[in-house]
>>> print(open('structure02.cif').read())   # mmCIF, C-alpha atoms
data_final
#
loop_
_atom_site.group_PDB
_atom_site.id
_atom_site.type_symbol
_atom_site.label_atom_id
_atom_site.label_comp_id
_atom_site.auth_asym_id
_atom_site.auth_seq_id
_atom_site.Cartn_x
_atom_site.Cartn_y
_atom_site.Cartn_z
ATOM 1 C CA MET D 1 0.000 0.000 0.000
ATOM 2 C CA PHE D 2 1.327 3.433 -0.955
ATOM 3 C CA ASN D 3 2.359 5.356 2.160
ATOM 4 C CA PHE D 4 1.824 9.024 1.284
ATOM 5 C CA LEU D 5 2.764 10.187 4.788
ATOM 6 C CA SER D 6 6.164 8.496 4.593
ATOM 7 C CA LEU D 7 6.810 10.018 1.178
ATOM 8 C CA SER D 8 5.736 13.481 2.313
ATOM 9 C CA ARG D 9 8.109 13.374 5.284
ATOM 10 C CA ARG D 10 11.027 12.279 3.106
ATOM 11 C CA LEU D 11 10.284 15.007 0.591
ATOM 12 C CA THR D 12 9.841 17.585 3.353
ATOM 13 C CA GLY D 13 13.229 16.637 4.708
ATOM 14 C CA ARG D 14 14.738 17.478 1.347
ATOM 15 C CA ILE D 15 12.724 20.676 0.911
ATOM 16 C CA LEU D 16 13.477 22.312 4.247
ATOM 17 C CA PRO D 17 16.317 24.841 4.062
ATOM 18 C CA THR D 18 19.790 23.604 4.946
ATOM 19 C CA SER D 19 21.688 26.833 4.288
ATOM 20 C CA PRO D 20 21.067 30.562 4.861
ATOM 21 C CA GLU D 21 20.607 31.091 1.133
ATOM 22 C CA LEU D 22 17.569 28.808 1.078
ATOM 23 C CA LEU D 23 15.887 30.715 3.917
ATOM 24 C CA SER D 24 15.184 33.667 1.649
ATOM 25 C CA ILE D 25 11.685 33.779 0.123
ATOM 26 C CA SER D 26 12.331 36.863 -1.935
ATOM 27 C CA GLY D 27 13.882 35.057 -4.890
ATOM 28 C CA ASP D 28 12.540 32.702 -7.503
ATOM 29 C CA ASP D 29 11.422 29.324 -6.140
ATOM 30 C CA ASN D 30 13.112 27.685 -9.127
ATOM 31 C CA ASN D 31 16.501 28.727 -7.731
ATOM 32 C CA THR D 32 15.992 26.617 -4.591
ATOM 33 C CA ALA D 33 15.318 22.958 -3.857
ATOM 34 C CA ILE D 34 11.616 23.810 -4.088
ATOM 35 C CA GLY D 35 11.856 24.274 -7.836
ATOM 36 C CA VAL D 36 12.346 20.551 -8.490
ATOM 37 C CA PHE D 37 8.785 19.740 -7.345
ATOM 38 C CA ALA D 38 5.579 20.421 -9.223
ATOM 39 C CA PRO D 39 3.374 23.006 -7.421
ATOM 40 C CA GLU D 40 0.514 20.505 -7.212
ATOM 41 C CA LEU D 41 2.729 17.962 -5.463
ATOM 42 C CA LEU D 42 3.946 20.557 -2.963
ATOM 43 C CA ASP D 43 0.362 21.507 -2.178
ATOM 44 C CA ARG D 44 -0.523 17.857 -1.604
ATOM 45 C CA ILE D 45 2.454 17.391 0.712
ATOM 46 C CA ILE D 46 1.601 20.483 2.758
ATOM 47 C CA ASP D 47 -2.077 19.523 2.944
ATOM 48 C CA HIS D 48 -1.072 16.094 4.242
ATOM 49 C CA LEU D 49 0.988 17.767 6.973
ATOM 50 C CA HIS D 50 -1.909 19.965 8.129
ATOM 51 C CA ASN D 51 -1.581 18.799 11.778
ATOM 52 C CA ASP D 52 2.219 19.045 11.906
ATOM 53 C CA ARG D 53 2.610 22.607 13.170
ATOM 54 C CA PRO D 54 6.435 22.643 13.558
ATOM 55 C CA THR D 55 6.914 21.455 9.981
ATOM 56 C CA LEU D 56 4.373 23.937 8.649
ATOM 57 C CA LEU D 57 6.218 26.761 10.426
ATOM 58 C CA ARG D 58 9.514 25.675 8.865
ATOM 59 C CA LEU D 59 7.923 25.353 5.443
ATOM 60 C CA GLY D 60 6.863 28.976 5.771
ATOM 61 C CA LEU D 61 10.550 29.934 5.639
ATOM 62 C CA THR D 62 11.281 27.934 2.512
ATOM 63 C CA SER D 63 9.514 29.685 -0.374
ATOM 64 C CA ARG D 64 6.559 31.856 -1.257
ATOM 65 C CA GLN D 65 4.518 28.888 -2.407
ATOM 66 C CA THR D 66 5.073 26.876 0.764
ATOM 67 C CA LEU D 67 4.544 29.993 2.873
ATOM 68 C CA ILE D 68 1.099 30.661 1.387
ATOM 69 C CA ARG D 69 -0.032 27.045 1.512
ATOM 70 C CA SER D 70 1.240 26.402 5.050
ATOM 71 C CA ARG D 71 -0.512 29.535 6.316
ATOM 72 C CA LEU D 72 -3.842 28.122 5.169
ATOM 73 C CA HIS D 73 -3.423 25.381 7.767
ATOM 74 C CA LEU D 74 -1.707 27.451 10.450
ATOM 75 C CA PHE D 75 -4.163 30.358 10.534
ATOM 76 C CA SER D 76 -7.434 29.193 8.944
ATOM 77 C CA GLU D 77 -8.953 28.641 12.410
ATOM 78 C CA LEU D 78 -8.009 30.999 15.236
ATOM 79 C CA GLU D 79 -9.199 30.598 18.835
ATOM 80 C CA PHE D 80 -8.835 32.975 21.786
ATOM 81 C CA ASN D 81 -9.641 31.353 25.121
ATOM 82 C CA LYS D 82 -10.099 32.482 28.713
ATOM 83 C CA ASP D 83 -7.605 35.152 29.812
ATOM 84 C CA GLY D 84 -6.635 35.715 26.182
ATOM 85 C CA ASP D 85 -7.896 39.312 26.067
ATOM 86 C CA ARG D 86 -4.415 40.772 25.677
ATOM 87 C CA GLN D 87 -3.630 38.320 22.881
ATOM 88 C CA PHE D 88 -6.876 39.259 21.156
ATOM 89 C CA ASP D 89 -5.890 42.940 21.304
ATOM 90 C CA MET D 90 -2.480 42.061 19.867
ATOM 91 C CA PHE D 91 -4.230 40.187 17.077
ATOM 92 C CA LEU D 92 -6.322 43.278 16.255
ATOM 93 C CA ALA D 93 -3.165 45.402 16.324
ATOM 94 C CA LEU D 94 -1.572 43.093 13.756
ATOM 95 C CA LEU D 95 -4.668 43.408 11.591
ATOM 96 C CA GLU D 96 -4.270 47.175 11.660
ATOM 97 C CA ALA D 97 -0.789 46.989 10.140
ATOM 98 C CA PRO D 98 -0.716 47.646 6.367
ATOM 99 C CA TRP D 99 1.898 44.907 5.851
ATOM 100 C CA THR D 100 -0.180 42.149 7.481
ATOM 101 C CA SER D 101 -0.563 39.203 5.134
ATOM 102 C CA PHE D 102 -1.294 36.101 7.269
ATOM 103 C CA ALA D 103 -4.865 37.273 7.904
ATOM 104 C CA ASN D 104 -5.883 36.321 4.367
ATOM 105 C CA ALA D 105 -5.822 32.713 5.570
ATOM 106 C CA VAL D 106 -8.225 33.285 8.492
ATOM 107 C CA GLU D 107 -11.579 31.613 7.816
ATOM 108 C CA SER D 108 -12.877 30.961 11.338
ATOM 109 C CA LEU D 109 -12.561 33.041 14.526
ATOM 110 C CA HIS D 110 -13.528 31.572 17.903
ATOM 111 C CA VAL D 111 -13.717 33.894 20.920
ATOM 112 C CA LYS D 112 -14.301 32.104 24.230
ATOM 113 C CA GLU D 113 -14.626 33.459 27.786
ATOM 114 C CA LEU D 114 -13.238 36.901 27.002
ATOM 115 C CA PHE D 115 -14.459 40.389 27.999
ATOM 116 C CA ARG D 116 -14.877 39.704 31.695
ATOM 117 C CA PRO D 117 -16.161 42.563 33.902
ATOM 118 C CA ARG D 118 -13.414 44.334 35.809
ATOM 119 C CA GLY D 119 -10.866 42.481 33.726
ATOM 120 C CA TYR D 120 -8.490 43.531 30.954
ATOM 121 C CA LYS D 121 -9.327 46.882 29.357
ATOM 122 C CA HIS D 122 -9.361 46.531 25.582
ATOM 123 C CA LEU D 123 -7.715 49.324 23.652
ATOM 124 C CA PRO D 124 -10.256 51.442 21.735
ATOM 125 C CA ASN D 125 -9.904 53.449 18.511
ATOM 126 C CA LYS D 126 -9.250 50.515 16.248
ATOM 127 C CA ASN D 127 -8.920 51.105 12.506
ATOM 128 C CA LEU D 128 -11.959 48.992 11.626
ATOM 129 C CA PRO D 129 -11.825 49.557 7.832
ATOM 130 C CA ARG D 130 -8.262 48.251 7.675
ATOM 131 C CA ILE D 131 -8.993 45.338 10.021
ATOM 132 C CA LEU D 132 -11.985 44.314 7.907
ATOM 133 C CA ALA D 133 -9.942 44.661 4.722
ATOM 134 C CA ASN D 134 -7.347 42.301 6.198
ATOM 135 C CA LEU D 135 -10.009 39.639 6.927
ATOM 136 C CA PRO D 136 -11.449 39.071 3.438
ATOM 137 C CA ASN D 137 -11.944 35.310 3.896
ATOM 138 C CA LEU D 138 -13.434 35.242 7.405
ATOM 139 C CA LYS D 139 -16.611 33.172 7.120
ATOM 140 C CA THR D 140 -17.349 31.863 10.622
ATOM 141 C CA LEU D 141 -17.546 33.686 13.964
ATOM 142 C CA LEU D 142 -18.025 31.661 17.163
ATOM 143 C CA LEU D 143 -18.742 33.339 20.509
ATOM 144 C CA THR D 144 -18.720 31.030 23.532
ATOM 145 C CA SER D 145 -19.380 31.769 27.220
ATOM 146 C CA ILE D 146 -19.410 35.536 26.819
ATOM 147 C CA SER D 147 -21.559 38.185 28.459
ATOM 148 C CA TRP D 148 -22.882 40.267 25.572
ATOM 149 C CA PRO D 149 -23.151 43.574 27.473
ATOM 150 C CA TYR D 150 -19.443 43.466 28.363
ATOM 151 C CA ILE D 151 -18.187 43.134 24.806
ATOM 152 C CA PRO D 152 -16.465 46.504 24.156
ATOM 153 C CA PRO D 153 -18.484 48.633 21.683
ATOM 154 C CA HIS D 154 -15.666 48.827 19.107
ATOM 155 C CA ILE D 155 -15.325 45.035 19.123
ATOM 156 C CA ARG D 156 -19.091 44.579 18.721
ATOM 157 C CA ASP D 157 -18.861 46.947 15.747
ATOM 158 C CA LEU D 158 -16.125 44.745 14.301
ATOM 159 C CA PHE D 159 -18.180 41.579 14.764
ATOM 160 C CA PHE D 160 -21.208 43.133 13.092
ATOM 161 C CA GLN D 161 -19.306 44.499 10.103
ATOM 162 C CA THR D 162 -17.535 41.300 9.072
ATOM 163 C CA ASN D 163 -18.998 39.595 6.011
ATOM 164 C CA ILE D 164 -19.375 36.245 7.749
ATOM 165 C CA ALA D 165 -21.649 33.487 6.502
ATOM 166 C CA ASP D 166 -21.992 31.600 9.792
ATOM 167 C CA LEU D 167 -22.556 33.014 13.301
ATOM 168 C CA GLN D 168 -22.494 30.679 16.299
ATOM 169 C CA LEU D 169 -23.523 31.762 19.795
ATOM 170 C CA ASP D 170 -22.973 29.203 22.566
ATOM 171 C CA SER D 171 -23.715 30.081 26.204
ATOM 172 C CA VAL D 172 -23.789 33.809 25.479
ATOM 173 C CA GLU D 173 -25.412 35.775 28.280
ATOM 174 C CA PHE D 174 -28.122 38.356 27.647
ATOM 175 C CA ALA D 175 -28.778 39.379 31.256
ATOM 176 C CA THR D 176 -31.256 41.977 32.470
ATOM 177 C CA TYR D 177 -29.298 42.742 35.655
ATOM 178 C CA THR D 178 -26.379 44.288 33.765
ATOM 179 C CA TYR D 179 -26.164 47.921 32.756
ATOM 180 C CA ARG D 180 -27.730 47.198 29.344
ATOM 181 C CA PRO D 181 -31.266 45.725 29.168
ATOM 182 C CA ALA D 182 -31.440 42.272 27.574
ATOM 183 C CA GLN D 183 -34.074 43.309 25.038
ATOM 184 C CA ILE D 184 -31.720 45.970 23.664
ATOM 185 C CA ASP D 185 -28.906 43.436 23.317
ATOM 186 C CA ILE D 186 -30.868 40.717 21.528
ATOM 187 C CA VAL D 187 -32.606 43.230 19.278
ATOM 188 C CA GLU D 188 -29.262 44.841 18.465
ATOM 189 C CA LEU D 189 -27.940 41.434 17.497
ATOM 190 C CA PHE D 190 -30.692 40.810 14.948
ATOM 191 C CA VAL D 191 -30.863 44.378 13.664
ATOM 192 C CA ARG D 192 -27.174 44.376 12.761
ATOM 193 C CA LEU D 193 -26.930 40.946 11.132
ATOM 194 C CA GLN D 194 -25.204 41.286 7.782
ATOM 195 C CA PRO D 195 -26.895 40.219 4.517
ATOM 196 C CA SER D 196 -23.971 37.837 3.945
ATOM 197 C CA LEU D 197 -25.095 35.689 6.890
ATOM 198 C CA LYS D 198 -26.398 32.273 5.804
ATOM 199 C CA SER D 199 -26.711 30.357 9.081
ATOM 200 C CA ILE D 200 -26.925 30.947 12.842
ATOM 201 C CA THR D 201 -26.454 28.748 15.888
ATOM 202 C CA LEU D 202 -28.275 29.734 19.080
ATOM 203 C CA TYR D 203 -27.425 27.338 21.881
ATOM 204 C CA ASN D 204 -27.831 27.768 25.626
ATOM 205 C CA LEU D 205 -28.400 31.523 25.479
ATOM 206 C CA GLN D 206 -28.579 32.721 29.074
ATOM 207 C CA PHE D 207 -30.669 35.432 30.693
ATOM 208 C CA ASP D 208 -32.349 36.337 33.947
ATOM 209 C CA ASP D 209 -34.755 33.465 34.586
ATOM 210 C CA GLU D 210 -37.334 35.701 36.227
ATOM 211 C CA ALA D 211 -37.294 38.462 33.633
ATOM 212 C CA ILE D 212 -37.639 37.135 30.095
ATOM 213 C CA PRO D 213 -37.856 40.299 27.981
ATOM 214 C CA ASN D 214 -40.993 40.994 25.965
ATOM 215 C CA LEU D 215 -39.841 41.454 22.375
ATOM 216 C CA SER D 216 -43.277 41.773 20.771
ATOM 217 C CA GLN D 217 -42.795 45.488 20.046
ATOM 218 C CA HIS D 218 -39.702 44.557 17.989
ATOM 219 C CA SER D 219 -41.336 41.689 16.094
ATOM 220 C CA SER D 220 -40.512 43.145 12.661
ATOM 221 C CA THR D 221 -36.802 42.904 13.468
ATOM 222 C CA PHE D 222 -37.052 39.111 13.656
ATOM 223 C CA ARG D 223 -39.139 38.663 10.485
ATOM 224 C CA ARG D 224 -36.294 37.741 8.189
ATOM 225 C CA ARG D 225 -35.355 34.494 6.540
ATOM 226 C CA ILE D 226 -33.181 32.613 9.036
ATOM 227 C CA HIS D 227 -31.512 29.232 8.805
ATOM 228 C CA LEU D 228 -30.541 27.900 12.221
ATOM 229 C CA THR D 229 -27.856 25.253 12.161
ATOM 230 C CA SER D 230 -28.624 24.518 15.793
ATOM 231 C CA LEU D 231 -31.275 25.748 18.235
ATOM 232 C CA ASP D 232 -32.243 24.618 21.730
ATOM 233 C CA THR D 233 -35.403 25.188 23.744
ATOM 234 C CA CYS D 234 -33.643 27.336 26.366
ATOM 235 C CA SER D 235 -32.547 29.834 23.714
ATOM 236 C CA LEU D 236 -35.936 29.666 22.052
ATOM 237 C CA LEU D 237 -37.546 30.924 25.275
ATOM 238 C CA LEU D 238 -35.844 34.277 24.774
ATOM 239 C CA LEU D 239 -37.630 34.620 21.416
ATOM 240 C CA LYS D 240 -41.047 33.314 22.410
ATOM 241 C CA ASP D 241 -42.808 36.628 21.726
ATOM 242 C CA VAL D 242 -41.572 36.916 18.131
ATOM 243 C CA TRP D 243 -41.224 33.288 16.964
ATOM 244 C CA ASP D 244 -44.505 31.851 18.217
ATOM 245 C CA PRO D 245 -46.484 30.640 15.137
ATOM 246 C CA LEU D 246 -49.648 31.535 17.019
ATOM 247 C CA ARG D 247 -48.670 35.217 16.782
ATOM 248 C CA ALA D 248 -46.626 35.186 13.586
ATOM 249 C CA ASN D 249 -47.989 33.403 10.544
ATOM 250 C CA ASP D 250 -45.172 34.533 8.261
ATOM 251 C CA LEU D 251 -42.209 32.885 9.982
ATOM 252 C CA ASP D 252 -39.512 31.981 7.476
ATOM 253 C CA ILE D 253 -37.281 29.893 9.739
ATOM 254 C CA THR D 254 -35.550 26.578 9.112
ATOM 255 C CA VAL D 255 -33.766 24.526 11.762
ATOM 256 C CA GLU D 256 -31.240 21.796 11.036
ATOM 257 C CA SER D 257 -30.685 20.468 14.571
ATOM 258 C CA PHE D 258 -33.175 21.028 17.382
ATOM 259 C CA HIS D 259 -32.135 20.389 20.996
ATOM 260 C CA VAL D 260 -34.912 19.653 23.461
ATOM 261 C CA ARG D 261 -33.678 20.555 26.947
ATOM 262 C CA LEU D 262 -35.378 20.884 30.288
ATOM 263 C CA VAL D 263 -36.529 24.383 31.165
ATOM 264 C CA PRO D 264 -34.413 25.537 34.139
ATOM 265 C CA MET D 265 -35.725 24.503 37.536
ATOM 266 C CA THR D 266 -35.446 28.112 38.659
ATOM 267 C CA ARG D 267 -38.157 29.200 36.233
ATOM 268 C CA SER D 268 -41.661 29.266 37.668
ATOM 269 C CA ASN D 269 -44.568 27.747 35.763
ATOM 270 C CA ARG D 270 -42.184 26.208 33.251
ATOM 271 C CA GLU D 271 -44.778 23.667 32.030
ATOM 272 C CA ALA D 272 -46.644 26.575 30.426
ATOM 273 C CA TYR D 273 -43.978 26.843 27.713
ATOM 274 C CA THR D 274 -44.564 23.332 26.366
ATOM 275 C CA PRO D 275 -47.378 24.367 23.960
ATOM 276 C CA PHE D 276 -45.137 27.069 22.484
ATOM 277 C CA PHE D 277 -42.316 24.584 21.916
ATOM 278 C CA SER D 278 -44.780 22.205 20.292
ATOM 279 C CA ARG D 279 -46.161 24.886 17.934
ATOM 280 C CA PHE D 280 -42.697 26.022 16.920
ATOM 281 C CA LEU D 281 -41.488 22.479 16.278
ATOM 282 C CA ARG D 282 -44.509 21.768 14.089
ATOM 283 C CA GLN D 283 -43.760 24.952 12.150
ATOM 284 C CA VAL D 284 -40.099 24.119 11.455
ATOM 285 C CA GLY D 285 -40.562 20.343 11.452
ATOM 286 C CA PRO D 286 -40.075 19.760 7.693
ATOM 287 C CA SER D 287 -36.609 21.338 7.853
ATOM 288 C CA VAL D 288 -35.362 19.504 10.958
ATOM 289 C CA HIS D 289 -32.731 16.827 10.293
ATOM 290 C CA HIS D 290 -31.810 15.918 13.870
ATOM 291 C CA ILE D 291 -33.490 16.128 17.262
ATOM 292 C CA PHE D 292 -31.439 15.823 20.447
ATOM 293 C CA ILE D 293 -32.943 15.344 23.907
ATOM 294 C CA LYS D 294 -30.887 16.252 26.958
ATOM 295 C CA LEU D 295 -32.119 15.102 30.364
ATOM 296 C CA SER D 296 -30.481 17.506 32.777
ATOM 297 C CA ASP D 297 -31.110 20.995 34.082
ATOM 298 C CA PRO D 298 -29.467 23.493 31.670
ATOM 299 C CA TYR D 299 -28.001 25.723 34.370
ATOM 300 C CA LEU D 300 -27.358 23.105 37.056
ATOM 301 C CA ASP D 301 -23.970 21.399 37.139
ATOM 302 C CA THR D 302 -24.583 18.204 39.092
ATOM 303 C CA GLY D 303 -21.401 16.459 38.008
ATOM 304 C CA LYS D 304 -23.460 13.489 36.853
ATOM 305 C CA GLN D 305 -23.324 11.914 33.434
ATOM 306 C CA THR D 306 -25.588 13.464 30.816
ATOM 307 C CA PHE D 307 -27.590 11.160 28.547
ATOM 308 C CA TRP D 308 -28.301 12.105 24.949
ATOM 309 C CA TYR D 309 -30.845 10.534 22.615
ATOM 310 C CA PHE D 310 -30.523 10.956 18.876
ATOM 311 C CA ALA D 311 -33.313 10.777 16.313
ATOM 312 C CA ILE D 312 -33.878 11.667 12.674
#
>>> encode(input="structure02.cif", output="structure tokens")
Amino acid sequence: MFNFLSLSRRLTGRILPTSPELLSISGDDNNTAIGVFAPELLDRIIDHLHNDRPTLLRLGLTSRQTLIRSRLHLFSELEFNKDGDRQFDMFLALLEAPWTSFANAVESLHVKELFRPRGYKHLPNKNLPRILANLPNLKTLLLTSISWPYIPPHIRDLFFQTNIADLQLDSVEFATYTYRPAQIDIVELFVRLQPSLKSITLYNLQFDDEAIPNLSQHSSTFRRRIHLTSLDTCSLLLLKDVWDPLRANDLDITVESFHVRLVPMTRSNREAYTPFFSRFLRQVGPSVHHIFIKLSDPYLDTGKQTFWYFAI
């Protein structure tokens, strides 16, 4: 059986620079060891090494062709995790530089557990036009475990102005006890969605259990064609006044995966929401590919195993 991985490693060993002259990427690739390989073969080799970060970094020093191809794997998906606020600011500073070139490879940006209250102060006055120009291929934005009101205004502006096709919100908090009312936040989110957006994920959106905002006066804001890659019942509660088929006959919503979860124990009269869930599921039923059922309290961490049931 042909071992492509073995071949790629042997070829990579011959490609990688062995002298200072081969480190330069300013000359013609044909003047280096790179020139003996067909471009298609080099691309295949680099694609096969997509998980080998050290080799990809070294390939970036070998030639223009290997630099561009290796960057596709090194920077296509960027993630900033908890306590990474300073790194995120440094990333934005790099995007402001006119010579920045790696950002062309960025296709997915994941921001998780940033923008904590009383935490790192993000630098304002960003050059948004230049940052956006340096992210021409960004298609997916994922926000996880973030409190929406604490996202700095200039960073919210950046998020809303990117021409993304996929927006994913997981455990994002729209809380009424913060300095910005929840109804303003969720309405702002939908008002500023870009026309380029093709799909949305709304999962485990969090809010004050005793003060679900009434969005009925903003119903027109939510009357747009929306494809939801994933939606759960806890997030759907936040939109009960605008996505209830009993009140809105012109809903144009499709859902790929629907997650049925228990309404939080802290919510009073939670059985009353079952008819709404039933009406909504009947409305979007023809578009649903998968239904997941989770038998645990959404906001209660018991440390016990969670059981999932899958159905088509």
>>> closest_residue(input="structure02.cif", among="D:Ser257, D:Thr55, D:Ser108, D:Thr274", to="His290 in chain D", atoms="all atoms listed in the file")
D:Ser257
>>> atom_distance(input="structure02.cif", atom1="CA of Lys82 in chain D", atom2="CA of Leu135 in chain D")
22.9 Å
>>> residues_around(input="structure02.cif", residues="Phe159 in chain D", least_positions_apart="6", cutoff="12 Å", atoms="only C-alpha atoms", output="ChimeraX atom specification")
/D:109-111,128,131-132,135,138-143,148,151-153,166-168,189,192-194
>>> write_last_selection(input="structure02.cif", atoms="C-alpha atoms", output="PDB file, in the frame of the given file")
ATOM      1  CA  LEU D 109     -12.561  33.041  14.526  1.00  0.00           C
ATOM      2  CA  HIS D 110     -13.528  31.572  17.903  1.00  0.00           C
ATOM      3  CA  VAL D 111     -13.717  33.894  20.920  1.00  0.00           C
ATOM      4  CA  LEU D 128     -11.959  48.992  11.626  1.00  0.00           C
ATOM      5  CA  ILE D 131      -8.993  45.338  10.021  1.00  0.00           C
ATOM      6  CA  LEU D 132     -11.985  44.314   7.907  1.00  0.00           C
ATOM      7  CA  LEU D 135     -10.009  39.639   6.927  1.00  0.00           C
ATOM      8  CA  LEU D 138     -13.434  35.242   7.405  1.00  0.00           C
ATOM      9  CA  LYS D 139     -16.611  33.172   7.120  1.00  0.00           C
ATOM     10  CA  THR D 140     -17.349  31.863  10.622  1.00  0.00           C
ATOM     11  CA  LEU D 141     -17.546  33.686  13.964  1.00  0.00           C
ATOM     12  CA  LEU D 142     -18.025  31.661  17.163  1.00  0.00           C
ATOM     13  CA  LEU D 143     -18.742  33.339  20.509  1.00  0.00           C
ATOM     14  CA  TRP D 148     -22.882  40.267  25.572  1.00  0.00           C
ATOM     15  CA  ILE D 151     -18.187  43.134  24.806  1.00  0.00           C
ATOM     16  CA  PRO D 152     -16.465  46.504  24.156  1.00  0.00           C
ATOM     17  CA  PRO D 153     -18.484  48.633  21.683  1.00  0.00           C
ATOM     18  CA  ASP D 166     -21.992  31.600   9.792  1.00  0.00           C
ATOM     19  CA  LEU D 167     -22.556  33.014  13.301  1.00  0.00           C
ATOM     20  CA  GLN D 168     -22.494  30.679  16.299  1.00  0.00           C
ATOM     21  CA  LEU D 189     -27.940  41.434  17.497  1.00  0.00           C
ATOM     22  CA  ARG D 192     -27.174  44.376  12.761  1.00  0.00           C
ATOM     23  CA  LEU D 193     -26.930  40.946  11.132  1.00  0.00           C
ATOM     24  CA  GLN D 194     -25.204  41.286   7.782  1.00  0.00           C
TER      25      GLN D 194
END
>>> residues_around(input="structure02.cif", residues="Arg279 in chain D", least_positions_apart="3", cutoff="9 Å", atoms="only C-alpha atoms", output="ChimeraX atom specification")
/D:244-246,274-276,282-284
>>> write_last_selection(input="structure02.cif", atoms="C-alpha atoms", output="PDB file, keeping the file's coordinate frame")
ATOM      1  CA  ASP D 244     -44.505  31.851  18.217  1.00  0.00           C
ATOM      2  CA  PRO D 245     -46.484  30.640  15.137  1.00  0.00           C
ATOM      3  CA  LEU D 246     -49.648  31.535  17.019  1.00  0.00           C
ATOM      4  CA  THR D 274     -44.564  23.332  26.366  1.00  0.00           C
ATOM      5  CA  PRO D 275     -47.378  24.367  23.960  1.00  0.00           C
ATOM      6  CA  PHE D 276     -45.137  27.069  22.484  1.00  0.00           C
ATOM      7  CA  ARG D 282     -44.509  21.768  14.089  1.00  0.00           C
ATOM      8  CA  GLN D 283     -43.760  24.952  12.150  1.00  0.00           C
ATOM      9  CA  VAL D 284     -40.099  24.119  11.455  1.00  0.00           C
TER      10      VAL D 284
END
>>> closest_atom_pairs(input="structure02.cif", of="range 127-156 of chain D", to="range 89-97 of chain D", cutoff="7 Å", atoms="all atoms listed in the file", output="JSON lines")
{"residue": "D:Asn127", "atom": "CA", "partner": "D:Glu96", "partner_atom": "CA", "distance": 6.1}
{"residue": "D:Arg130", "atom": "CA", "partner": "D:Glu96", "partner_atom": "CA", "distance": 5.7}
{"residue": "D:Ile131", "atom": "CA", "partner": "D:Leu95", "partner_atom": "CA", "distance": 5.0}
{"residue": "D:Asn134", "atom": "CA", "partner": "D:Leu95", "partner_atom": "CA", "distance": 6.1}
>>> resolve_selection(input="structure02.cif", expression="the PyMOL selection byres ((chain D and resi 222) around 12)", output="count of residues only")
30
>>> residues_near_point(input="structure02.cif", point="(-32.8, 25.5, 23.0)", cutoff="12 Å", atoms="all atoms listed in the file", output="NGL selection string")
:D and (169-171 or 201-206 or 228-240 or 255 or 257-264 or 277 or 280-281 or 291-294 or 298)
>>> closest_residue(input="structure02.cif", among="D:Asp83, D:Asn249, D:Ile146, D:Leu42", to="Gly119 in chain D", atoms="only C-alpha atoms")
D:Asp83
>>> resolve_selection(input="structure02.cif", expression="the PyMOL selection byres ((chain D and resi 198) around 7)", output="PDB file with C-alpha atoms, in the coordinates of the input")
ATOM      1  CA  ALA D 165     -21.649  33.487   6.502  1.00  0.00           C
ATOM      2  CA  ASP D 166     -21.992  31.600   9.792  1.00  0.00           C
ATOM      3  CA  SER D 196     -23.971  37.837   3.945  1.00  0.00           C
ATOM      4  CA  LEU D 197     -25.095  35.689   6.890  1.00  0.00           C
ATOM      5  CA  SER D 199     -26.711  30.357   9.081  1.00  0.00           C
ATOM      6  CA  HIS D 227     -31.512  29.232   8.805  1.00  0.00           C
TER       7      HIS D 227
END
>>> closest_residue(input="structure02.cif", among="D:Asn163, D:Asp85, D:Val172, D:Pro39", to="Tyr120 in chain D", atoms="all atoms listed in the file")
D:Asp85
>>> resolve_selection(input="structure02.cif", expression="the PyMOL selection byres ((chain D and resi 51) around 12)", output="list in words")
Leu5, Ile45, Ile46, Asp47, His48, Leu49, His50, Asp52, Arg53, Pro54, Thr55, Leu56, Leu57, Ser70, Leu72, His73, Leu74 and Phe75 of chain D
>>> write_last_selection(input="structure02.cif", atoms="C-alpha atoms", output="PDB file, keeping the file's coordinate frame")
ATOM      1  CA  LEU D   5       2.764  10.187   4.788  1.00  0.00           C
ATOM      2  CA  ILE D  45       2.454  17.391   0.712  1.00  0.00           C
ATOM      3  CA  ILE D  46       1.601  20.483   2.758  1.00  0.00           C
ATOM      4  CA  ASP D  47      -2.077  19.523   2.944  1.00  0.00           C
ATOM      5  CA  HIS D  48      -1.072  16.094   4.242  1.00  0.00           C
ATOM      6  CA  LEU D  49       0.988  17.767   6.973  1.00  0.00           C
ATOM      7  CA  HIS D  50      -1.909  19.965   8.129  1.00  0.00           C
ATOM      8  CA  ASP D  52       2.219  19.045  11.906  1.00  0.00           C
ATOM      9  CA  ARG D  53       2.610  22.607  13.170  1.00  0.00           C
ATOM     10  CA  PRO D  54       6.435  22.643  13.558  1.00  0.00           C
ATOM     11  CA  THR D  55       6.914  21.455   9.981  1.00  0.00           C
ATOM     12  CA  LEU D  56       4.373  23.937   8.649  1.00  0.00           C
ATOM     13  CA  LEU D  57       6.218  26.761  10.426  1.00  0.00           C
ATOM     14  CA  SER D  70       1.240  26.402   5.050  1.00  0.00           C
ATOM     15  CA  LEU D  72      -3.842  28.122   5.169  1.00  0.00           C
ATOM     16  CA  HIS D  73      -3.423  25.381   7.767  1.00  0.00           C
ATOM     17  CA  LEU D  74      -1.707  27.451  10.450  1.00  0.00           C
ATOM     18  CA  PHE D  75      -4.163  30.358  10.534  1.00  0.00           C
TER      19      PHE D  75
END
>>> atom_distance(input="structure02.cif", atom1="CA of Ser101 in chain D", atom2="CA of Asp43 in chain D")
19.2 Å
